[in-house]
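Worksheet for the structure shown next.
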Amino acid sequence: MIRNNGISYYCNMASPYYLDEEALKYIDYDLDVKVFTDGEKRLLDVEEYERHKRKMKYSDDLDYILKEHVKILVDWINNGRGPFSEAYVNIWYKRYIELKNR
């Protein structure tokens, strides 16, 4: 999210998607990481994740994978990798402006 005072991010932990005859589908596992414009990071919806983990009977393996991927996501954020790179944001923002001005 590009704001006047900087860029913020809202990242959902989800399963890989799949496409069937109906739609593009995935599972949202409720764990979210929000990055504020000042760089602060917050892990959100932990209680909701824990509630759904019990209700849906997530395996220990799945729980481990999701928590490890939160760590990987935070590492990407901290190191400006992928969509957290200023150059990446600039490329796609420029493309957005080009399309908007058509």
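How things are named: the first chain in the structure tokens is A, the next is B, and so on; residues count from 1 in each chain; ligands count from 1 in the order shown.
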(request) Excluding His52 in chain A and any residue of its chain fewer than 6 positions from it, enumerate the residues within 10 Å of it, using only C-alpha atoms, and give them as a ChimeraX atom specification. (result) /A:29-30,46,58
(request) Run DSSP on the backbone and give me the residues of chain A it puts in alpha helix (DSSP H), as number ranges by chain. (result) A: 46-56, 60-78, 86-100
(request) May I ask which of the residues A:Glu98, A:Leu73, A:Glu68, A:Val35 is the closest one to Ile2 in chain A, counting only C-alpha atoms? (result)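 Using only C-alpha atoms, the shortest distance to Ile2 in chain A belongs to A:Val35.
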(request) Figure out the distance between CA of Val70 in chain A and CA of Tyr10 in chain A, please, to one decimal in Å. (result)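 Going from CA of Tyr10 in chain A over to CA of Val70 in chain A covers 12.7 Å.
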(message) Between A:Leu99, A:Cys11, A:Met1, A:Ile65, which residue has the minimum interatomic distance to Arg42 in chain A, considering only C-alpha atoms?
(response)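 The answer is A:Cys11, which sits nearest to Arg42 in chain A.
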(request) Quote the spacing between CA of Tyr96 in chain A and CA of His69 in chain A in Å to one decimal place. (result)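 These atoms are spaced 29.0 Å apart.
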(message) I'd like the interatomic distance between CA of Asn12 in chain A and CA of Lys34 in chain A, to a tenth of an Å.
(response) 8.9 Å
(request) Fewer than 5 positions away in the same chain doesn't count, so skip those; otherwise give me all residues within 12 Å of Asp28 in chain A, counting only C-alpha atoms, as a list in words. (result)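 Neighbouring residues, sequence-local ones excluded: Cys11, Asn12, Met13, Ala14, Ser15, Pro16, Tyr17, Asp45, Glu48, Tyr49, His52, Lys53 and Leu66 of chain A.
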(request) Identify, on the basis of only C-alpha atoms, every residue whose closest approach to Glu86 in chain A does not exceed 12 Å; exclude the query and any residue fewer than 6 positions from it along the same chain; express the result as number ranges by chain. (result) A: 2, 6-8, 77, 79-80, 92-93
Those same residues, written as a PDB file, in the first residue's frame with N, CA and C atoms?
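Dumped to result-v2.pdb:
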```
ATOM      1  N   ILE A   2       0.810   1.997  -1.054  1.00  0.00           N
ATOM      2  CA  ILE A   2       1.641   3.183  -1.179  1.00  0.00           C
ATOM      3  C   ILE A   2       0.883   4.366  -0.585  1.00  0.00           C
ATOM      4  N   GLY A   6       4.931   6.786   2.989  1.00  0.00           N
ATOM      5  CA  GLY A   6       5.738   5.588   2.750  1.00  0.00           C
ATOM      6  C   GLY A   6       4.907   4.401   2.284  1.00  0.00           C
ATOM      7  N   ILE A   7       5.539   3.249   2.311  1.00  0.00           N
ATOM      8  CA  ILE A   7       4.908   2.025   1.826  1.00  0.00           C
ATOM      9  C   ILE A   7       4.631   1.112   3.007  1.00  0.00           C
ATOM     10  N   SER A   8       3.435   0.533   3.034  1.00  0.00           N
ATOM     11  CA  SER A   8       3.106  -0.483   4.030  1.00  0.00           C
ATOM     12  C   SER A   8       2.674  -1.741   3.297  1.00  0.00           C
ATOM     13  N   ILE A  77      11.296  -9.350   4.274  1.00  0.00           N
ATOM     14  CA  ILE A  77      10.980  -7.958   4.612  1.00  0.00           C
ATOM     15  C   ILE A  77      12.235  -7.245   5.102  1.00  0.00           C
ATOM     16  N   ASN A  79      15.299  -7.843   4.598  1.00  0.00           N
ATOM     17  CA  ASN A  79      16.377  -7.744   3.614  1.00  0.00           C
ATOM     18  C   ASN A  79      15.933  -7.149   2.281  1.00  0.00           C
ATOM     19  N   GLY A  80      14.704  -6.622   2.228  1.00  0.00           N
ATOM     20  CA  GLY A  80      14.231  -5.958   1.010  1.00  0.00           C
ATOM     21  C   GLY A  80      14.212  -6.862  -0.205  1.00  0.00           C
ATOM     22  N   TRP A  92       6.620  -1.539 -10.450  1.00  0.00           N
ATOM     23  CA  TRP A  92       5.188  -1.804 -10.544  1.00  0.00           C
ATOM     24  C   TRP A  92       4.346  -0.557 -10.321  1.00  0.00           C
ATOM     25  N   TYR A  93       4.841   0.388  -9.531  1.00  0.00           N
ATOM     26  CA  TYR A  93       4.116   1.641  -9.371  1.00  0.00           C
ATOM     27  C   TYR A  93       4.139   2.426 -10.681  1.00  0.00           C
TER      28      TYR A  93
END
```
